[in-house]
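What follows is the content of query_23.txt, which has compact mmCIF, C-alpha atoms:
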```txt
# COMPACT_ATOMS: atom_id res chain seq x y z
CA MET A 1 14.84 34.04 24.12
CA GLU A 2 12.23 31.29 23.88
CA ALA A 3 13.35 28.21 21.96
CA PHE A 4 11.73 27.81 18.55
CA ASP A 5 9.36 24.86 18.36
CA PHE A 6 9.95 23.14 15.04
CA LYS A 7 6.96 20.91 15.75
CA ASP A 8 4.65 23.80 14.85
CA LEU A 9 6.06 23.95 11.35
CA TYR A 10 6.29 20.19 11.09
CA GLU A 11 2.54 19.90 11.54
CA LYS A 12 1.96 22.39 8.75
CA ARG A 13 3.77 20.30 6.16
CA PHE A 14 2.23 19.85 2.74
CA PHE A 15 -0.13 16.93 2.14
CA PRO A 16 -1.27 16.69 -1.52
CA THR A 17 -4.97 16.21 -2.22
CA ILE A 18 -6.44 13.66 -4.62
CA SER A 19 -8.76 14.71 -7.42
CA GLU A 20 -11.78 12.60 -8.35
CA GLU A 21 -10.22 11.94 -11.74
CA GLU A 22 -7.03 10.64 -10.11
CA LYS A 23 -9.07 8.35 -7.88
CA ASN A 24 -11.07 7.00 -10.81
CA GLU A 25 -7.99 6.40 -12.96
CA PHE A 26 -6.26 4.60 -10.11
CA ILE A 27 -9.26 2.34 -9.42
CA VAL A 28 -9.55 1.43 -13.11
CA GLN A 29 -5.83 0.76 -13.49
CA THR A 30 -5.19 -1.20 -10.29
CA ASN A 31 -8.16 -3.47 -10.99
CA GLU A 32 -7.07 -3.92 -14.59
CA LEU A 33 -3.67 -5.09 -13.35
CA ALA A 34 -5.52 -7.63 -11.20
CA GLY A 35 -7.41 -8.85 -14.25
CA ILE A 36 -10.66 -7.04 -13.38
CA LYS A 37 -12.18 -4.82 -16.06
CA ILE A 38 -14.21 -1.85 -14.83
CA THR A 39 -15.11 1.53 -16.30
CA LYS A 40 -15.23 5.08 -14.97
CA GLU A 41 -18.98 5.03 -15.55
CA GLU A 42 -19.27 2.05 -13.19
CA ILE A 43 -17.26 3.96 -10.59
CA TYR A 44 -19.58 6.95 -10.94
CA ASN A 45 -22.62 4.71 -10.56
CA SER A 46 -21.05 3.10 -7.48
CA VAL A 47 -20.54 6.50 -5.87
CA MET A 48 -24.11 7.53 -6.65
CA SER A 49 -25.62 4.20 -5.53
CA PRO A 50 -23.26 2.59 -2.98
CA GLN A 51 -25.69 -0.28 -2.34
CA LYS A 52 -25.23 -1.37 -5.97
CA SER A 53 -21.47 -0.86 -6.04
CA LEU A 54 -19.25 -3.56 -7.52
CA PRO A 55 -16.88 -5.21 -4.97
CA ALA A 56 -13.85 -4.19 -7.05
CA ILE A 57 -14.91 -0.55 -6.76
CA SER A 58 -16.37 -0.23 -3.26
CA GLY A 59 -13.26 -1.69 -1.61
CA HIS A 60 -11.00 0.79 -3.34
CA ILE A 61 -13.27 3.73 -2.59
CA ARG A 62 -13.13 2.85 1.12
CA SER A 63 -9.37 2.34 0.97
CA ILE A 64 -8.74 5.70 -0.71
CA GLY A 65 -10.88 7.40 1.94
CA LEU A 66 -8.80 5.71 4.63
CA LEU A 67 -5.62 6.68 2.78
CA GLU A 68 -6.58 10.36 2.84
CA ASP A 69 -7.02 10.23 6.62
CA LEU A 70 -3.89 8.19 7.34
CA ALA A 71 -1.63 10.27 5.07
CA LYS A 72 -1.72 13.18 7.51
CA GLN A 73 -0.16 11.15 10.31
CA ILE A 74 3.39 12.45 10.58
CA TYR A 75 4.63 9.32 12.31
CA LEU A 76 2.77 6.95 10.02
CA ILE A 77 5.74 4.63 10.04
CA PRO A 78 8.00 4.38 13.11
CA LYS A 79 11.76 4.83 13.19
CA PRO A 80 13.79 1.79 12.04
CA GLU A 81 14.99 0.81 15.50
CA LYS A 82 11.40 0.47 16.70
CA ILE A 83 10.39 -2.04 14.03
CA ASN A 84 10.75 -5.77 14.70
CA GLU A 85 9.00 -9.07 14.02
CA ALA A 86 7.10 -8.91 17.31
CA ASN A 87 5.37 -5.63 16.43
CA ILE A 88 5.46 -5.39 12.63
CA SER A 89 1.72 -6.16 12.31
CA LYS A 90 0.95 -3.22 14.59
CA GLN A 91 3.57 -0.82 13.22
CA ILE A 92 2.22 -1.06 9.68
CA SER A 93 -1.34 -2.01 10.62
CA TRP A 94 -2.68 0.03 7.69
CA LEU A 95 -1.34 -2.65 5.34
CA PHE A 96 -3.70 -5.21 6.87
CA ILE A 97 -6.59 -2.75 7.05
CA PHE A 98 -6.21 -2.02 3.33
CA HIS A 99 -6.34 -5.75 2.62
CA GLY A 100 -9.57 -6.13 4.57
CA ASN A 101 -11.14 -3.09 2.91
CA ILE A 102 -10.23 -4.12 -0.62
CA LEU A 103 -11.52 -7.68 -0.28
CA TYR A 104 -14.43 -7.29 2.15
CA ASP A 105 -17.21 -7.05 -0.45
CA PHE A 106 -15.67 -9.91 -2.44
CA ALA A 107 -15.85 -12.02 0.73
CA VAL A 108 -19.49 -11.05 1.28
CA LYS A 109 -20.34 -12.05 -2.29
CA GLY A 110 -18.45 -15.32 -1.92
CA SER A 111 -20.39 -16.10 1.25
CA LEU A 112 -23.70 -15.44 -0.50
CA LEU A 113 -22.68 -17.68 -3.41
CA ASN A 114 -21.16 -20.27 -1.08
CA ASP A 115 -17.97 -20.02 -3.14
CA SER A 116 -14.75 -20.04 -1.10
CA ILE A 117 -12.54 -20.87 -4.07
CA THR A 118 -13.19 -17.93 -6.41
CA TYR A 119 -13.76 -15.51 -3.52
CA PRO A 120 -11.85 -14.92 -0.27
CA SER A 121 -13.36 -15.89 3.06
CA LYS A 122 -13.98 -13.24 5.71
CA GLU A 123 -11.54 -15.12 7.94
CA GLU A 124 -8.58 -14.41 5.66
CA LEU A 125 -9.11 -10.65 5.46
CA GLY A 126 -6.16 -8.79 6.94
CA GLN A 127 -4.48 -12.08 7.82
CA TYR A 128 -1.06 -13.40 6.86
CA ARG A 129 -0.74 -15.84 3.97
CA ASN A 130 -0.89 -19.47 5.11
CA ILE A 131 -0.10 -21.20 1.82
CA ASP A 132 3.42 -21.83 0.55
CA ARG A 133 2.65 -22.41 -3.12
CA VAL A 134 1.09 -20.09 -5.70
CA ALA A 135 0.22 -21.14 -9.24
CA GLY A 136 2.69 -19.80 -11.77
CA LEU A 137 5.44 -19.03 -9.26
CA LYS A 138 8.47 -21.28 -8.88
CA LYS A 139 9.72 -19.50 -5.79
CA ILE A 140 7.76 -17.75 -3.05
CA VAL A 141 8.58 -16.44 0.42
CA ARG A 142 7.64 -19.07 2.98
CA PRO A 143 4.81 -18.10 5.37
CA ASP A 144 7.20 -18.38 8.32
CA ASP A 145 9.51 -15.79 6.75
CA ILE A 146 6.88 -13.17 5.85
CA LYS A 147 7.33 -11.11 9.01
CA LYS A 148 11.11 -11.13 8.67
CA PHE A 149 10.96 -9.71 5.16
CA LEU A 150 8.23 -7.21 6.05
CA VAL A 151 10.46 -5.88 8.82
CA GLU A 152 13.30 -5.42 6.32
CA ALA A 153 11.00 -3.61 3.88
CA ALA A 154 9.56 -1.30 6.55
CA LYS A 155 12.99 -0.51 7.99
CA GLU A 156 14.39 0.25 4.54
CA TYR A 157 11.65 2.78 3.85
CA SER A 158 11.73 4.19 7.37
CA GLN A 159 15.47 4.83 7.21
CA ILE A 160 15.12 6.88 4.03
CA TYR A 161 12.01 8.70 5.27
CA TYR A 162 13.60 9.79 8.56
CA SER A 163 16.83 10.80 6.84
CA LEU A 164 14.74 13.38 4.98
CA CYS A 165 11.92 14.11 7.44
CA GLU A 166 13.20 17.53 8.49
CA ASN A 167 13.36 18.63 4.87
CA ILE A 168 9.94 17.12 4.19
CA SER A 169 8.63 19.50 6.84
CA PHE A 170 9.96 22.40 4.77
CA PRO A 171 9.18 21.36 1.16
CA SER A 172 11.03 24.35 -0.28
CA SER A 173 14.27 22.97 1.19
CA MET A 174 13.85 19.63 -0.59
CA GLU A 175 16.13 19.19 -3.56
CA GLU A 176 15.15 17.36 -6.72
CA GLY A 177 17.35 14.45 -5.70
CA ASP A 178 15.58 14.21 -2.35
CA TRP A 179 12.19 13.89 -4.01
CA ALA A 180 13.56 11.28 -6.41
CA LYS A 181 14.97 9.32 -3.45
CA LEU A 182 11.59 9.39 -1.71
CA GLU A 183 9.81 8.34 -4.88
CA ARG A 184 12.12 5.35 -5.31
CA ALA A 185 11.62 4.42 -1.65
CA THR A 186 7.82 4.41 -1.90
CA GLU A 187 7.92 2.36 -5.07
CA ASN A 188 10.44 -0.06 -3.58
CA PHE A 189 8.19 -0.59 -0.56
CA ALA A 190 5.35 -1.55 -2.90
CA LEU A 191 7.67 -3.88 -4.83
CA HIS A 192 8.68 -5.54 -1.57
CA ILE A 193 5.01 -6.19 -0.74
CA ILE A 194 4.37 -7.68 -4.18
CA CYS A 195 7.42 -9.94 -3.86
CA ILE A 196 6.81 -10.97 -0.23
CA ARG A 197 3.12 -11.69 -0.88
CA PRO A 198 2.05 -11.36 2.78
CA PHE A 199 -1.58 -12.24 1.93
CA ASN A 200 -3.28 -15.10 0.12
CA ARG A 201 -4.77 -12.67 -2.42
CA ALA A 202 -4.72 -9.04 -3.57
CA ASN A 203 -1.05 -8.37 -2.76
CA GLY A 204 -0.62 -6.15 -5.82
CA ARG A 205 -3.68 -4.07 -5.02
CA VAL A 206 -2.59 -3.64 -1.40
CA ALA A 207 0.93 -2.74 -2.51
CA ARG A 208 -0.25 -0.04 -4.92
CA ILE A 209 -2.60 1.65 -2.45
CA SER A 210 0.17 1.50 0.18
CA GLU A 211 2.61 3.12 -2.24
CA ASN A 212 0.22 6.05 -2.64
CA LEU A 213 -0.29 6.30 1.11
CA LEU A 214 3.47 6.71 1.58
CA ARG A 215 3.61 9.16 -1.33
CA LEU A 216 0.97 11.48 0.11
CA ASN A 217 2.40 11.16 3.60
CA SER A 218 5.79 12.37 2.38
CA GLY A 219 4.48 15.16 0.15
CA LEU A 220 4.45 13.35 -3.20
CA ARG A 221 1.36 13.39 -5.38
CA PHE A 222 -1.07 10.50 -5.74
CA GLN A 223 -0.48 8.67 -9.02
CA ARG A 224 -1.29 5.73 -11.23
CA THR A 225 1.25 3.02 -10.52
CA LYS A 226 4.40 2.86 -12.63
CA ILE A 227 5.22 -0.65 -11.44
CA THR A 228 5.49 -3.00 -14.41
CA SER A 229 5.83 -6.78 -14.55
CA SER A 230 9.46 -6.39 -15.67
CA LYS A 231 10.19 -4.18 -12.65
CA ILE A 232 8.67 -6.79 -10.35
CA GLN A 233 10.70 -9.58 -11.94
CA SER A 234 13.94 -7.62 -11.73
CA PHE A 235 13.28 -6.57 -8.12
CA PHE A 236 12.49 -10.15 -7.12
CA GLU A 237 15.65 -11.49 -8.73
CA ASN A 238 17.81 -8.82 -7.06
CA ASN A 239 16.27 -9.00 -3.60
CA TYR A 240 14.63 -12.41 -3.07
CA GLN A 241 15.65 -14.98 -5.67
CA ASN A 242 18.65 -16.28 -3.71
CA ARG A 243 17.19 -15.77 -0.23
CA ILE A 244 14.17 -18.05 -0.29
```
Could you write out this file's structure as structure tokens?
Amino acid sequence: MEAFDFKDLYEKRFFPTISEEEKNEFIVQTNELAGIKITKEEIYNSVMSPQKSLPAISGHIRSIGLLEDLAKQIYLIPKPEKINEANISKQISWLFIFHGNILYDFAVKGSLLNDSITYPSKEELGQYRNIDRVAGLKKIVRPDDIKKFLVEAAKEYSQIYYSLCENISFPSSMEEGDWAKLERATENFALHIICIRPFNRANGRVARISENLLRLNSGLRFQRTKITSSKIQSFFENNYQNRI
């Protein structure tokens, strides 16, 4: 008897779709959390006239489009033993691509206005943070330690993902507790990014789009973020406060 190829079923796993309303709500919320006020009408106008799109909208529209493509990659994140400081930038390259997409139009505007203080430079897009102090923060991960902590965050998520990957391939075999475990893991990954602050700017926005990438990739639905400032503070105190 011919051996059954589980790969066939694995490739037919469920990948949730994203409605236009979910996209719009996410773009409004994630920008609001970054202190940028936009409306759904402005998003609609940006879709209809891309050349007039606001930087805060166009970057997220591109990133969500990328997310939808990336989410279908079964091996989006490698197994824990394959992740290390030497290859972390490559193993989670989407993190850096999201950063470049989200901030690209801000950088273009800054270049036109000759303003490198309010706006990011093109040179910093998708690049590691090179400053060791941030206004309002008493403690921050040192630039030299960013890769080390990113490796820990990626391995933590990868370990949980691969412990459930066979069940993810057969959604009906997933128990409620399994889904809850995955949901916590995706949120924790985003919290790690916010606390590590791998970039000079837009860490929260990158973290939230990355959380949704991992959600869709594992069969969870796209959602508005549930990460609050109190969650971030508690997570930082429990995981970083005494290590930096």
Can you list, as number ranges by chain, every protein, DNA or RNA residue that comes within 7 Å of stretch 12-21 of chain A when you count only C-alpha atoms, leaving out same-chain residues fewer than 5 positions away?
A: 72, 169-170, 216-217, 219-222
A:Ile227: which residues within 12 Å, counting only C-alpha atoms, same-chain residues fewer than 2 positions away excluded, as a PyMOL selection string?
chain A and resi 29-30+33+184+186-192+194+204-205+207-208+211+223-225+229-235
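The two atoms in question, atom CA of A:Ser111 and atom CA of A:Gly59, are spaced 16.3 Å apart.
Taking atom CA of A:Ile196 and atom CA of A:Ile209 as endpoints, the distance between them is 15.9 Å.
If you look at atom CA of A:Tyr44 and atom CA of A:Ala56, they are 13.1 Å away from each other.
Nearest-residue note for A:Lys181: choosing from A:Ile77, A:Val28, A:Cys165, A:Ile160, the minimum distance belongs to A:Ile160, counting all atoms listed in the file.
Between A:Ser163 and the candidates A:Ala185, A:Ile61, A:Val141, A:Ala107, the tightest atom-to-atom separation, counting all atoms listed in the file, involves A:Ala185.
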Using the file's own x, y and z axes, so that the box edges lie along x, y and z, what centre and edge lengths in Å (one decimal) does a box around every listed atom of stretch 136-140 of chain A get when 5 Å is added on each side? Give it as AutoDock Vina command-line options.
```
--center_x 6.2 --center_y -19.5 --center_z -7.4 --size_x 17.0 --size_y 13.5 --size_z 18.7
```
Identify which of the residues A:Thr39, A:Gln91, A:Asn212, A:Asn242 lies closest to A:Lys147, counting only C-alpha atoms when measuring atom-to-atom distances.
A:Gln91
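Near A:Leu54, within 10 Å and counting all atoms listed in the file, sit Ile38, Glu42, Ile43, Asn45, Ser46, Pro50, Gln51, Ile57, Ser58, Gly59, Asp105 and Phe106 of chain A, not including residues fewer than 3 positions from it in the same chain.
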Restricting the calculation to only C-alpha atoms, which member of A:Gly110, A:Gly126, A:Gly136, A:Pro78 is positioned closest to A:Phe96?
A:Gly126
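Candidate residues A:Ala135, A:Asn114, A:Ser218, A:Pro143 were compared for distance to A:Met174, and the nearest is A:Ser218, using all atoms listed in the file.
With distances restricted to all atoms listed in the file, A:Lys79 is the closest residue to A:Glu156 from A:Lys79, A:Lys52, A:Lys139, A:Arg62.
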Test item: write stretch 106-122 of chain A with N, CA and C atoms as a PDB file, in the first residue's frame:
```pdb
ATOM      1  N   PHE A 106       6.484  58.069   4.359  1.00  0.00           N
ATOM      2  CA  PHE A 106       6.892  59.096   5.335  1.00  0.00           C
ATOM      3  C   PHE A 106       8.300  59.583   4.992  1.00  0.00           C
ATOM      4  N   ALA A 107       9.179  58.647   4.627  1.00  0.00           N
ATOM      5  CA  ALA A 107      10.549  59.007   4.283  1.00  0.00           C
ATOM      6  C   ALA A 107      10.597  59.871   3.024  1.00  0.00           C
ATOM      7  N   VAL A 108       9.762  59.533   2.051  1.00  0.00           N
ATOM      8  CA  VAL A 108       9.692  60.326   0.819  1.00  0.00           C
ATOM      9  C   VAL A 108       9.252  61.756   1.141  1.00  0.00           C
ATOM     10  N   LYS A 109       8.237  61.876   1.978  1.00  0.00           N
ATOM     11  CA  LYS A 109       7.738  63.205   2.355  1.00  0.00           C
ATOM     12  C   LYS A 109       8.812  63.977   3.120  1.00  0.00           C
ATOM     13  N   GLY A 110       9.499  63.290   4.023  1.00  0.00           N
ATOM     14  CA  GLY A 110      10.559  63.945   4.779  1.00  0.00           C
ATOM     15  C   GLY A 110      11.676  64.450   3.880  1.00  0.00           C
ATOM     16  N   SER A 111      11.985  63.677   2.844  1.00  0.00           N
ATOM     17  CA  SER A 111      13.020  64.073   1.896  1.00  0.00           C
ATOM     18  C   SER A 111      12.591  65.317   1.122  1.00  0.00           C
ATOM     19  N   LEU A 112      11.321  65.356   0.723  1.00  0.00           N
ATOM     20  CA  LEU A 112      10.811  66.513  -0.010  1.00  0.00           C
ATOM     21  C   LEU A 112      10.806  67.773   0.855  1.00  0.00           C
ATOM     22  N   LEU A 113      10.530  67.584   2.148  1.00  0.00           N
ATOM     23  CA  LEU A 113      10.475  68.718   3.079  1.00  0.00           C
ATOM     24  C   LEU A 113      11.839  69.021   3.695  1.00  0.00           C
ATOM     25  N   ASN A 114      12.812  68.176   3.379  1.00  0.00           N
ATOM     26  CA  ASN A 114      14.151  68.303   3.964  1.00  0.00           C
ATOM     27  C   ASN A 114      14.078  68.273   5.494  1.00  0.00           C
ATOM     28  N   ASP A 115      13.266  67.345   5.992  1.00  0.00           N
ATOM     29  CA  ASP A 115      13.032  67.216   7.436  1.00  0.00           C
ATOM     30  C   ASP A 115      13.374  65.791   7.870  1.00  0.00           C
ATOM     31  N   SER A 116      14.550  65.613   8.444  1.00  0.00           N
ATOM     32  CA  SER A 116      14.991  64.290   8.889  1.00  0.00           C
ATOM     33  C   SER A 116      14.758  64.074  10.377  1.00  0.00           C
ATOM     34  N   ILE A 117      14.109  65.045  11.017  1.00  0.00           N
ATOM     35  CA  ILE A 117      13.818  64.919  12.447  1.00  0.00           C
ATOM     36  C   ILE A 117      12.402  64.378  12.652  1.00  0.00           C
ATOM     37  N   THR A 118      11.432  65.025  12.023  1.00  0.00           N
ATOM     38  CA  THR A 118      10.039  64.586  12.130  1.00  0.00           C
ATOM     39  C   THR A 118       9.808  63.293  11.362  1.00  0.00           C
ATOM     40  N   TYR A 119      10.513  63.147  10.235  1.00  0.00           N
ATOM     41  CA  TYR A 119      10.304  62.008   9.342  1.00  0.00           C
ATOM     42  C   TYR A 119      11.542  61.105   9.314  1.00  0.00           C
ATOM     43  N   PRO A 120      11.333  59.804   9.038  1.00  0.00           N
ATOM     44  CA  PRO A 120      12.489  58.894   8.936  1.00  0.00           C
ATOM     45  C   PRO A 120      13.233  59.127   7.623  1.00  0.00           C
ATOM     46  N   SER A 121      14.498  58.755   7.613  1.00  0.00           N
ATOM     47  CA  SER A 121      15.263  58.809   6.369  1.00  0.00           C
ATOM     48  C   SER A 121      15.092  57.476   5.654  1.00  0.00           C
ATOM     49  N   LYS A 122      15.300  57.477   4.340  1.00  0.00           N
ATOM     50  CA  LYS A 122      15.196  56.231   3.588  1.00  0.00           C
ATOM     51  C   LYS A 122      16.236  55.225   4.060  1.00  0.00           C
TER      52      LYS A 122
END
```
